[in-house]
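Structure data (mmCIF, C-alpha atoms) from final-v2.cif:
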```
data_run
#
loop_
_atom_site.label_atom_id
_atom_site.label_comp_id
_atom_site.auth_asym_id
_atom_site.auth_seq_id
_atom_site.Cartn_x
_atom_site.Cartn_y
_atom_site.Cartn_z
CA MET A 41 -15.48 -6.30 -3.35
CA SER A 42 -14.77 -3.96 -6.22
CA ALA A 43 -12.68 -1.78 -3.90
CA PHE A 44 -10.60 -4.84 -2.97
CA ALA A 45 -10.13 -5.71 -6.65
CA ALA A 46 -9.23 -2.09 -7.44
CA LEU A 47 -6.47 -2.03 -4.84
CA LEU A 48 -5.21 -5.45 -5.93
CA ALA A 49 -5.06 -4.32 -9.54
CA ARG A 50 -3.34 -1.07 -8.63
CA ASP A 51 -0.63 -2.80 -6.59
CA ILE A 52 0.03 -5.33 -9.32
CA ARG A 53 0.24 -2.53 -11.87
CA LEU A 54 2.64 -0.54 -9.67
CA ALA A 55 4.85 -3.61 -9.17
CA ALA A 56 4.90 -4.37 -12.89
CA ARG A 57 5.76 -0.82 -14.01
CA ALA A 58 9.36 0.20 -14.66
CA GLY A 59 11.22 0.36 -11.38
CA GLY A 60 8.54 -1.76 -9.73
CA SER A 61 9.16 -4.42 -7.13
CA ALA A 62 8.40 -7.49 -9.28
CA MET A 63 11.46 -7.21 -11.51
CA LEU A 64 13.59 -6.17 -8.54
CA ALA A 65 12.78 -9.35 -6.64
CA LEU A 66 13.22 -11.60 -9.68
CA GLY A 67 16.52 -9.97 -10.60
CA PHE A 68 17.86 -10.26 -7.08
CA PHE A 69 16.78 -13.91 -6.82
CA ALA A 70 18.43 -14.79 -10.12
CA ALA A 71 21.60 -12.85 -9.32
CA VAL A 72 22.14 -14.46 -5.92
CA VAL A 73 21.58 -17.99 -7.22
CA THR A 74 23.80 -17.57 -10.29
CA LEU A 75 26.53 -15.94 -8.23
CA LEU A 76 26.76 -18.91 -5.90
CA PRO A 77 28.46 -21.45 -8.22
CA LEU A 78 30.95 -18.72 -9.13
CA GLY A 79 31.82 -18.35 -5.47
CA ILE A 80 32.05 -21.98 -4.35
CA GLY A 81 33.00 -23.78 -7.53
CA SER A 82 31.05 -25.88 -9.97
CA GLU A 83 31.33 -29.37 -8.46
CA ALA A 84 27.96 -30.90 -9.24
CA ARG A 85 27.57 -33.00 -6.08
CA LEU A 86 28.35 -30.11 -3.76
CA LEU A 87 25.97 -27.77 -5.59
CA ALA A 88 23.19 -30.35 -5.64
CA SER A 89 23.41 -30.83 -1.90
CA ILE A 90 23.09 -27.11 -1.13
CA ALA A 91 20.69 -26.20 -3.94
CA ALA A 92 17.52 -26.53 -1.86
CA GLY A 93 18.83 -24.31 0.93
CA VAL A 94 20.23 -21.72 -1.43
CA LEU A 95 17.01 -21.43 -3.44
CA TRP A 96 14.92 -21.09 -0.31
CA ILE A 97 17.18 -18.52 1.37
CA ALA A 98 17.46 -16.49 -1.83
CA ALA A 99 13.65 -16.54 -2.13
CA VAL A 100 13.24 -15.27 1.43
CA LEU A 101 15.78 -12.48 0.91
CA ALA A 102 14.23 -11.44 -2.41
CA ASN A 103 10.88 -11.19 -0.64
CA LEU A 104 12.39 -9.07 2.14
CA LEU A 105 13.77 -6.67 -0.43
CA THR A 106 10.30 -5.83 -1.75
CA LEU A 107 8.37 -6.10 1.52
CA ASP A 108 10.17 -3.03 2.80
CA ARG A 109 7.98 -0.61 0.82
CA LEU A 110 4.71 -2.56 1.04
CA PHE A 111 2.91 -0.04 3.25
CA GLN A 112 5.59 2.61 3.59
CA ALA A 113 5.25 4.07 0.11
CA ASP A 114 1.51 4.54 0.66
CA TYR A 115 2.09 5.96 4.13
CA GLU A 116 4.62 8.52 2.94
CA ASP A 117 2.61 9.92 0.05
CA GLY A 118 -0.65 10.09 2.00
CA SER A 119 -2.45 7.26 0.16
CA LEU A 120 -2.84 5.31 3.39
CA ASP A 121 -4.91 8.14 4.93
CA LEU A 122 -7.25 7.94 1.97
CA PHE A 123 -7.41 4.15 2.23
CA ALA A 124 -8.33 4.47 5.91
CA LEU A 125 -11.19 6.80 4.89
CA SER A 126 -12.48 4.48 2.17
CA PRO A 127 -15.38 2.03 2.51
CA LEU A 128 -12.85 -0.82 2.47
CA SER A 129 -11.69 -1.75 5.97
CA LEU A 130 -7.99 -1.70 6.85
CA GLU A 131 -8.20 -5.50 7.08
CA GLY A 132 -9.39 -5.60 3.48
CA ILE A 133 -6.63 -3.22 2.46
CA ALA A 134 -3.96 -5.33 4.15
CA GLY A 135 -5.42 -8.48 2.56
CA ALA A 136 -5.37 -6.96 -0.92
CA LYS A 137 -1.80 -5.79 -0.49
CA ILE A 138 -0.62 -9.18 0.81
CA MET A 139 -2.25 -10.93 -2.11
CA ALA A 140 -0.78 -8.45 -4.60
CA HIS A 141 2.66 -8.88 -3.03
CA TRP A 142 2.52 -12.65 -3.39
CA LEU A 143 1.25 -12.44 -6.98
CA THR A 144 4.09 -10.10 -7.95
CA THR A 145 6.89 -11.67 -5.88
CA GLY A 146 6.26 -15.16 -4.51
CA LEU A 147 4.54 -16.53 -7.60
CA PRO A 148 7.13 -15.30 -10.16
CA LEU A 149 9.95 -16.56 -7.92
CA THR A 150 8.33 -19.99 -7.76
CA ILE A 151 7.97 -20.08 -11.54
CA LEU A 152 11.59 -19.04 -12.07
CA SER A 153 13.02 -21.45 -9.48
CA PRO A 154 13.20 -24.65 -11.65
CA LEU A 155 15.28 -22.76 -14.18
CA LEU A 156 17.76 -21.68 -11.53
CA ALA A 157 17.71 -25.15 -9.97
CA VAL A 158 19.20 -26.44 -13.23
CA LEU A 159 22.21 -24.18 -12.64
CA LEU A 160 22.66 -25.81 -9.23
CA HIS A 161 22.39 -29.39 -10.55
CA LEU A 162 19.33 -30.14 -8.45
CA PRO A 163 18.35 -33.80 -9.18
CA ALA A 164 15.26 -34.13 -11.34
CA ALA A 165 13.35 -36.01 -8.63
CA ALA A 166 13.33 -32.87 -6.44
CA TYR A 167 11.64 -30.47 -8.85
CA PRO A 168 8.05 -31.22 -7.88
CA ALA A 169 8.91 -30.80 -4.19
CA LEU A 170 10.71 -27.51 -4.94
CA LEU A 171 7.71 -26.10 -6.77
CA VAL A 172 5.14 -27.30 -4.26
CA SER A 173 7.13 -26.13 -1.24
CA LEU A 174 7.73 -22.65 -2.71
CA LEU A 175 4.10 -22.39 -3.74
CA THR A 176 3.00 -23.24 -0.20
CA GLY A 177 5.65 -21.30 1.68
CA THR A 178 5.91 -18.00 -0.16
CA PRO A 179 2.37 -16.83 0.78
CA ALA A 180 3.40 -17.21 4.42
CA ILE A 181 6.45 -15.01 3.75
CA SER A 182 4.22 -12.29 2.29
CA ALA A 183 1.82 -12.60 5.24
CA ILE A 184 4.42 -12.41 8.01
CA GLY A 185 6.36 -9.74 6.16
CA ALA A 186 3.22 -7.61 5.80
CA VAL A 187 2.67 -7.66 9.56
CA ALA A 188 6.25 -6.59 10.18
CA THR A 189 6.13 -3.77 7.61
CA ALA A 190 2.85 -2.55 9.09
CA LEU A 191 4.56 -2.38 12.47
CA THR A 192 7.53 -0.41 11.15
CA VAL A 193 5.61 1.82 8.74
CA THR A 194 6.31 5.04 10.64
CA VAL A 195 9.94 4.21 11.35
CA ARG A 196 12.30 6.09 9.08
CA ARG A 197 14.53 3.56 7.32
CA GLY A 198 12.29 0.87 8.80
CA GLY A 199 13.65 -1.47 6.16
CA LEU A 200 16.74 -1.92 8.31
CA LEU A 201 14.59 -3.15 11.17
CA LEU A 202 12.54 -5.44 8.98
CA PRO A 203 14.97 -8.38 8.61
CA LEU A 204 15.44 -8.46 12.38
CA ILE A 205 11.70 -8.89 12.89
CA VAL A 206 10.91 -11.08 9.91
CA LEU A 207 13.83 -13.51 9.63
CA PRO A 208 13.39 -15.19 13.05
CA LEU A 209 9.69 -15.66 12.30
CA LEU A 210 10.51 -17.20 8.96
CA THR A 211 12.88 -19.88 10.25
CA PRO A 212 10.16 -22.58 10.20
CA VAL A 213 9.42 -21.76 6.58
CA VAL A 214 13.06 -22.16 5.55
CA ILE A 215 13.59 -25.31 7.65
CA PHE A 216 10.53 -27.15 6.36
CA GLY A 217 10.73 -25.71 2.84
CA ALA A 218 14.34 -26.67 2.23
CA GLY A 219 13.87 -29.88 4.25
CA THR A 220 11.08 -31.04 1.98
CA VAL A 221 13.21 -30.53 -1.11
CA LEU A 222 16.24 -32.25 0.44
CA ALA A 223 14.25 -35.31 1.45
CA SER A 224 12.74 -35.59 -2.01
CA ILE A 225 16.20 -35.86 -3.57
CA ASP A 226 16.43 -39.31 -1.98
CA GLY A 227 12.85 -40.10 -2.91
CA LEU A 228 11.65 -39.65 0.68
CA GLN A 229 8.81 -37.69 2.18
CA ASN A 230 9.52 -36.17 5.58
CA GLY A 231 6.15 -34.51 6.08
CA GLY A 232 7.74 -31.08 5.99
CA ILE A 233 5.28 -29.95 3.37
CA TRP A 234 2.41 -30.44 5.82
CA PHE A 235 4.13 -28.30 8.42
CA LEU A 236 4.65 -25.68 5.75
CA ALA A 237 1.00 -25.86 4.73
CA ALA A 238 -0.12 -25.60 8.35
CA PHE A 239 2.15 -22.61 8.91
CA ALA A 240 0.77 -20.84 5.84
CA GLY A 241 -2.75 -21.88 6.80
CA VAL A 242 -2.46 -20.15 10.16
CA THR A 243 -0.48 -17.05 9.19
CA LEU A 244 -2.39 -16.18 6.01
CA PRO A 245 -5.90 -15.74 7.47
CA LEU A 246 -4.59 -14.01 10.59
CA SER A 247 -2.11 -11.61 8.99
CA PRO A 248 -4.59 -9.06 7.53
CA PHE A 249 -6.09 -8.56 10.98
CA VAL A 250 -2.75 -8.19 12.74
CA ALA A 251 -1.39 -5.90 10.00
CA ALA A 252 -4.55 -3.76 10.15
CA ALA A 253 -4.23 -3.42 13.93
CA ALA A 254 -0.60 -2.36 13.54
CA LEU A 255 -1.54 0.17 10.84
CA ARG A 256 -4.32 1.60 13.01
CA LEU A 257 -1.83 2.03 15.85
CA ASN A 258 0.71 3.73 13.60
CA LEU A 259 -1.78 5.99 11.82
CA SER A 260 -3.06 7.37 15.12
CA GLU A 261 0.33 8.61 16.22
CA MET B 261 -12.27 27.72 8.50
CA VAL B 262 -9.57 26.76 10.98
CA GLU B 263 -6.81 29.30 11.45
CA GLY B 264 -3.74 29.44 13.62
CA PRO B 265 0.04 29.61 13.60
CA ASN B 266 2.29 26.68 12.66
CA GLY B 267 2.07 23.86 15.16
CA SER B 268 -1.15 25.05 16.75
CA GLY B 269 -2.94 21.79 15.93
CA LYS B 270 -4.87 22.51 12.74
CA THR B 271 -3.86 19.27 11.08
CA SER B 272 -4.40 17.33 14.30
CA LEU B 273 -7.93 18.71 14.55
CA LEU B 274 -8.67 17.66 10.98
CA ARG B 275 -7.25 14.17 11.56
CA LEU B 276 -9.31 13.94 14.72
CA VAL B 277 -12.50 14.77 12.85
CA ALA B 278 -11.57 12.26 10.15
CA GLY B 279 -11.11 9.59 12.80
CA LEU B 280 -7.47 9.09 11.84
CA LEU B 281 -6.47 10.23 15.33
CA PRO B 282 -8.25 8.90 18.41
CA ALA B 283 -9.49 11.49 20.90
CA ALA B 284 -7.57 11.41 24.18
CA SER B 285 -10.78 12.30 25.95
CA GLY B 286 -14.25 13.50 25.10
CA THR B 287 -16.47 12.55 22.19
CA LEU B 288 -16.67 14.01 18.76
CA TRP B 289 -19.73 14.40 16.66
CA VAL B 290 -20.29 16.29 13.46
CA SER B 291 -23.65 17.74 12.65
CA GLY B 292 -24.59 20.30 10.06
CA GLY B 293 -26.80 20.44 6.99
CA ASP B 294 -27.84 16.88 6.26
CA ILE B 295 -24.73 15.34 7.74
CA VAL B 296 -24.49 13.65 11.09
CA ILE B 297 -21.47 11.56 11.99
CA GLU B 298 -21.62 9.54 15.14
CA GLU B 299 -20.09 6.20 14.29
CA ARG B 300 -16.49 5.90 13.24
CA GLU B 301 -17.51 3.52 10.45
CA GLU B 302 -19.70 6.13 8.80
CA ARG B 303 -16.76 8.40 8.15
CA GLY B 304 -15.52 6.28 5.29
CA LYS B 305 -18.62 7.12 3.31
CA LEU B 306 -18.86 10.77 4.27
CA ILE B 307 -15.41 12.30 4.33
CA GLY B 308 -13.49 13.74 1.42
CA TRP B 309 -9.90 14.16 2.52
CA LEU B 310 -7.28 16.50 1.05
CA GLY B 311 -4.12 16.29 3.12
CA HIS B 312 -0.61 17.71 3.02
CA HIS B 313 0.46 14.92 0.74
CA ASP B 314 -1.26 14.51 -2.58
CA ALA B 315 -1.29 10.68 -2.59
CA VAL B 316 -0.17 10.72 -6.21
CA LYS B 317 1.85 7.74 -7.48
CA PRO B 318 4.65 8.74 -9.87
CA GLN B 319 4.30 5.49 -11.87
CA LEU B 320 0.59 5.84 -12.63
CA THR B 321 -0.98 8.20 -15.12
CA ALA B 322 -3.41 10.84 -13.89
CA ALA B 323 -6.39 9.02 -15.39
CA GLU B 324 -5.31 5.65 -13.92
CA LEU B 325 -4.95 7.22 -10.49
CA LEU B 326 -8.42 8.75 -10.58
CA ARG B 327 -10.02 5.57 -11.92
CA PHE B 328 -8.42 3.60 -9.08
CA PHE B 329 -9.65 5.95 -6.37
CA ALA B 330 -13.11 6.09 -7.93
CA ARG B 331 -13.34 2.30 -7.74
CA LEU B 332 -11.86 2.21 -4.23
CA GLN B 333 -14.35 4.77 -2.98
CA GLY B 334 -17.23 3.15 -4.81
CA THR B 335 -18.10 6.01 -7.15
CA ARG B 336 -18.68 5.74 -10.86
CA ALA B 337 -15.47 5.92 -12.85
CA GLN B 338 -17.14 7.32 -15.98
CA SER B 339 -16.72 10.90 -14.78
CA VAL B 340 -12.91 10.68 -14.63
CA THR B 341 -12.47 12.60 -17.88
CA ALA B 342 -14.87 15.29 -16.74
CA ALA B 343 -13.07 15.61 -13.39
CA LEU B 344 -9.70 15.99 -15.11
CA GLU B 345 -11.11 18.57 -17.48
CA ARG B 346 -12.59 20.48 -14.57
CA VAL B 347 -9.17 20.98 -12.97
CA GLY B 348 -7.48 21.71 -16.29
CA LEU B 349 -5.49 18.49 -16.51
CA SER B 350 -7.14 16.80 -19.48
CA CYS B 351 -3.97 17.23 -21.55
CA ALA B 352 -2.00 15.39 -18.84
CA ALA B 353 -4.47 12.50 -18.45
CA ASP B 354 -2.19 9.87 -19.97
CA LEU B 355 1.04 11.27 -18.58
CA PRO B 356 2.74 9.44 -15.69
CA CYS B 357 2.35 11.57 -12.58
CA GLN B 358 6.10 11.83 -12.09
CA TYR B 359 6.08 14.51 -14.81
CA LEU B 360 3.45 16.63 -13.04
CA SER B 361 4.45 19.72 -11.08
CA ALA B 362 3.50 20.23 -7.43
CA GLY B 363 0.61 22.47 -8.45
CA GLN B 364 -0.65 19.96 -11.00
CA LYS B 365 -0.53 17.19 -8.40
CA LYS B 366 -2.62 19.37 -6.12
CA ARG B 367 -5.09 19.89 -8.95
CA LEU B 368 -5.21 16.12 -9.42
CA ALA B 369 -5.98 15.75 -5.71
CA LEU B 370 -8.78 18.30 -6.16
CA ALA B 371 -10.16 16.27 -9.06
CA ARG B 372 -10.16 13.19 -6.82
CA LEU B 373 -11.96 15.11 -4.07
CA LYS B 374 -14.61 16.21 -6.54
CA LEU B 375 -14.89 12.76 -8.10
CA CYS B 376 -15.44 10.93 -4.81
CA GLY B 377 -18.35 13.24 -4.02
CA ARG B 378 -18.29 13.04 -0.23
CA PRO B 379 -20.48 15.48 1.72
CA LEU B 380 -17.89 16.51 4.34
CA TRP B 381 -14.64 17.91 2.97
CA LEU B 382 -11.63 18.11 5.23
CA LEU B 383 -9.00 20.25 3.52
CA ASP B 384 -5.54 20.75 4.96
CA GLU B 385 -3.77 23.75 3.42
CA PRO B 386 -5.63 23.34 0.12
CA LEU B 387 -4.14 26.51 -1.39
CA ALA B 388 -0.52 25.41 -1.07
CA ALA B 389 1.29 25.11 -4.44
CA LEU B 390 -1.75 26.29 -6.42
CA ASP B 391 -1.47 29.22 -8.86
CA ALA B 392 -3.98 32.09 -8.98
CA ASP B 393 -6.08 30.17 -11.45
CA GLY B 394 -6.05 27.06 -9.26
CA LYS B 395 -7.00 29.08 -6.19
CA SER B 396 -10.06 30.51 -7.89
CA LEU B 397 -10.92 27.00 -9.12
CA LEU B 398 -10.79 25.72 -5.54
CA LEU B 399 -12.99 28.60 -4.39
CA THR B 400 -15.57 27.83 -7.08
CA MET B 401 -15.51 24.13 -6.19
CA MET B 402 -16.00 24.95 -2.52
CA ARG B 403 -18.89 27.32 -3.28
CA GLU B 404 -20.58 24.64 -5.37
CA HIS B 405 -19.97 22.07 -2.68
CA LEU B 406 -21.50 24.28 0.02
CA ALA B 407 -24.40 25.26 -2.23
CA THR B 408 -25.34 21.62 -2.71
CA GLY B 409 -25.58 21.08 1.03
CA GLY B 410 -22.01 19.96 1.67
CA LEU B 411 -19.81 20.87 4.59
CA ALA B 412 -16.15 21.83 4.54
CA LEU B 413 -13.57 22.21 7.27
CA VAL B 414 -10.51 24.02 5.99
CA ALA B 415 -7.20 24.52 7.78
CA THR B 416 -5.33 27.39 6.19
CA HIS B 417 -2.91 30.30 6.57
CA ASP B 418 -4.04 32.12 3.46
CA PRO B 419 -7.16 34.23 3.57
CA ILE B 420 -10.00 32.55 1.67
CA ASP B 421 -12.69 34.75 0.21
CA LEU B 422 -15.67 32.84 1.59
CA GLU B 423 -18.40 33.47 4.11
CA ALA B 424 -17.61 30.98 6.83
CA ALA B 425 -17.37 30.45 10.53
CA ARG B 426 -13.80 30.91 11.73
CA LEU B 427 -12.05 28.96 14.45
CA GLN B 428 -8.85 30.52 15.73
CA LEU B 429 -6.44 28.09 17.38
CA ALA B 430 -3.99 29.74 19.74
#
```

Would you mind writing the file out in structure tokens?
Amino acid sequence: MSAFAALLARDIRLAARAGGSAMLALGFFAAVVTLLPLGIGSEARLLASIAAGVLWIAAVLANLLTLDRLFQADYEDGSLDLFALSPLSLEGIAGAKIMAHWLTTGLPLTILSPLLAVLLHLPAAAYPALLVSLLTGTPAISAIGAVATALTVTVRRGGLLLPLIVLPLLTPVVIFGAGTVLASIDGLQNGGIWFLAAFAGVTLPLSPFVAAAALRLNLSE
Amino acid sequence: MVEGPNGSGKTSLLRLVAGLLPAASGTLWVSGGDIVIEEREERGKLIGWLGHHDAVKPQLTAAELLRFFARLQGTRAQSVTAALERVGLSCAADLPCQYLSAGQKKRLALARLKLCGRPLWLLDEPLAALDADGKSLLLTMMREHLATGGLALVATHDPIDLEAARLQLA
């Protein structure tokens, strides 16, 4: 367990250091969302109706940006070989990295989102749904993204391939995530949050095993 | 000691022994001194790996890096300072690794190897980038390691002044 905690702490530390992925994701998220009203005008009703979709899509893209290097950096500098020869299994390694990725990307994005929602005139009634849906959905993004990066770890410039693999798999997350927020504007509940929870509930426990299998395959090439 | 020209399979052999590469056919077992490896799972507790790449993160300081690997490998982290001193990097302990030279990174990798205290060392071109001082340090470390009952499999081009069995790959 201490090996798991050590890797978790290291990844969080790496993400938080200058040039780390945490600030990159937050900066990208904030930039995309603030740029939007500049592009399509500041009419409050229009912005309010697209706010949920924009926040969710920007969150997915910000995650993609940092997922790219999740395993690749460790593969390139030889750390992954040492991880594979440590007492911690590759499943444990993948689990620690997924958790660290969510803590440094998904969680800060969720915390920042209400602030950006103000810029988009999101009605007050929708804030709880926004927070809950992001909190439930972003772990699934980290999980699915980790599997895809593990698959492309040996591919040079694999980051270009990543969106093609990850985005189709993430469509349910965006549909139910944004859908939940949209319904809550009118004070409704469409049950989307349960789909989101189920999706995360299935992908999260499975992803370390799938990612570890993909890593094993790639390491033995 | 594994010798052979470029591309003759020295690194592949080492990765095979480490279990990082699966064998296309045949079985592999390691036996010598007190060490016997039969199960793949046992390798994680027995193998000290020094590869081409130093696995050094530019954002972390030398001491942070060693402490992390000590915890990951389940060894006591108290000896980090001693390990750094051993390889002559105690002055660079709190320096981010991006400021270290290639030779210093190799020394840091040596410190990690020593710190993790595994009985079977697999060293891939360990002399690369090391200065004369570093080379003699590596030799001393290897002698100590062998004297305490450890094993080492070394792939190298450079002659190493050690009594050892030699395997020549064509």

Subject >> Nearest candidate to chain A (options B:Gly348, B:Ser339, B:Trp381, B:Thr287; using all atoms listed in the file) >> reply: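 For chain A, the nearest of the candidates is B:Trp381.
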
Subject >> Who sits within 10 Å of B:Trp309, all atoms listed in the file, same chain under 3 positions skipped, as an MDAnalysis selection string >> reply: (chainID A and resid 121:122 125) or (chainID B and resid 274:275 278 306 312 369:370 372:373 376 378 380:384)

Show me, as an mmCIF file with C-alpha atoms, in the coordinates of the input, the residues that have an atom within 12 Å of A:Arg196 when counting all atoms listed in the file, minus same-chain residues fewer than 2 positions from it.
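What landed in result_23.cif:
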```
data_model
loop_
_atom_site.group_PDB
_atom_site.id
_atom_site.type_symbol
_atom_site.label_atom_id
_atom_site.label_comp_id
_atom_site.auth_asym_id
_atom_site.auth_seq_id
_atom_site.Cartn_x
_atom_site.Cartn_y
_atom_site.Cartn_z
ATOM 1 C CA ASP A 108 10.170 -3.030 2.800
ATOM 2 C CA ARG A 109 7.980 -0.610 0.820
ATOM 3 C CA GLN A 112 5.590 2.610 3.590
ATOM 4 C CA ALA A 113 5.250 4.070 0.110
ATOM 5 C CA TYR A 115 2.090 5.960 4.130
ATOM 6 C CA GLU A 116 4.620 8.520 2.940
ATOM 7 C CA THR A 189 6.130 -3.770 7.610
ATOM 8 C CA LEU A 191 4.560 -2.380 12.470
ATOM 9 C CA THR A 192 7.530 -0.410 11.150
ATOM 10 C CA VAL A 193 5.610 1.820 8.740
ATOM 11 C CA THR A 194 6.310 5.040 10.640
ATOM 12 C CA GLY A 198 12.290 0.870 8.800
ATOM 13 C CA GLY A 199 13.650 -1.470 6.160
ATOM 14 C CA LEU A 200 16.740 -1.920 8.310
ATOM 15 C CA LEU A 201 14.590 -3.150 11.170
ATOM 16 C CA LEU A 202 12.540 -5.440 8.980
#
```

Evaluate the PyMOL selection byres ((chain A) within 7 of (chain B)) and record the selected residues as a PDB file with C-alpha atoms, in the frame of the given file, following the chain and residue labels used in the document.
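Heads up, here's the output in part12.pdb:
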```
ATOM      1  CA  SER A  42     -14.770  -3.960  -6.220  1.00  0.00           C
ATOM      2  CA  ALA A  43     -12.680  -1.780  -3.900  1.00  0.00           C
ATOM      3  CA  ALA A  46      -9.230  -2.090  -7.440  1.00  0.00           C
ATOM      4  CA  LEU A  47      -6.470  -2.030  -4.840  1.00  0.00           C
ATOM      5  CA  ARG A  50      -3.340  -1.070  -8.630  1.00  0.00           C
ATOM      6  CA  LEU A  54       2.640  -0.540  -9.670  1.00  0.00           C
ATOM      7  CA  ARG A  57       5.760  -0.820 -14.010  1.00  0.00           C
ATOM      8  CA  ASP A 117       2.610   9.920   0.050  1.00  0.00           C
ATOM      9  CA  GLY A 118      -0.650  10.090   2.000  1.00  0.00           C
ATOM     10  CA  SER A 119      -2.450   7.260   0.160  1.00  0.00           C
ATOM     11  CA  LEU A 122      -7.250   7.940   1.970  1.00  0.00           C
ATOM     12  CA  LEU A 125     -11.190   6.800   4.890  1.00  0.00           C
ATOM     13  CA  SER A 126     -12.480   4.480   2.170  1.00  0.00           C
ATOM     14  CA  PRO A 127     -15.380   2.030   2.510  1.00  0.00           C
ATOM     15  CA  LEU A 259      -1.780   5.990  11.820  1.00  0.00           C
ATOM     16  CA  SER A 260      -3.060   7.370  15.120  1.00  0.00           C
TER      17      SER A 260
END
```

Original post:
Smallest atom-to-atom distance to A:Val213: which of A:Leu152, A:Leu228, A:Ala237, A:Ile133, using only C-alpha atoms?
Top reply: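 Selected residue with least distance to A:Val213: A:Ala237.
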
**OP:** Mind giving me the straight-line distance from atom CA of A:Gly231 to atom CA of A:Ile215 in Å, one decimal?
**Re:**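 Pair atom CA of A:Gly231 / atom CA of A:Ile215 returns 11.9 Å.
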
**OP:** List the residues matched by the PyMOL selection byres ((chain B and resi 407-423) around 9) in the displayed structure as number ranges by chain, ordered by chain and then by residue number.
**Re:** B: 261-266, 270-271, 273-274, 292-295, 378-388, 399, 402-406, 424-425

Subject >> Selected residue, from B:Leu427, B:Val347, B:Thr400, B:Ser268, that lies nearest to B:Arg367 when counting all atoms listed in the file >> reply: B:Val347
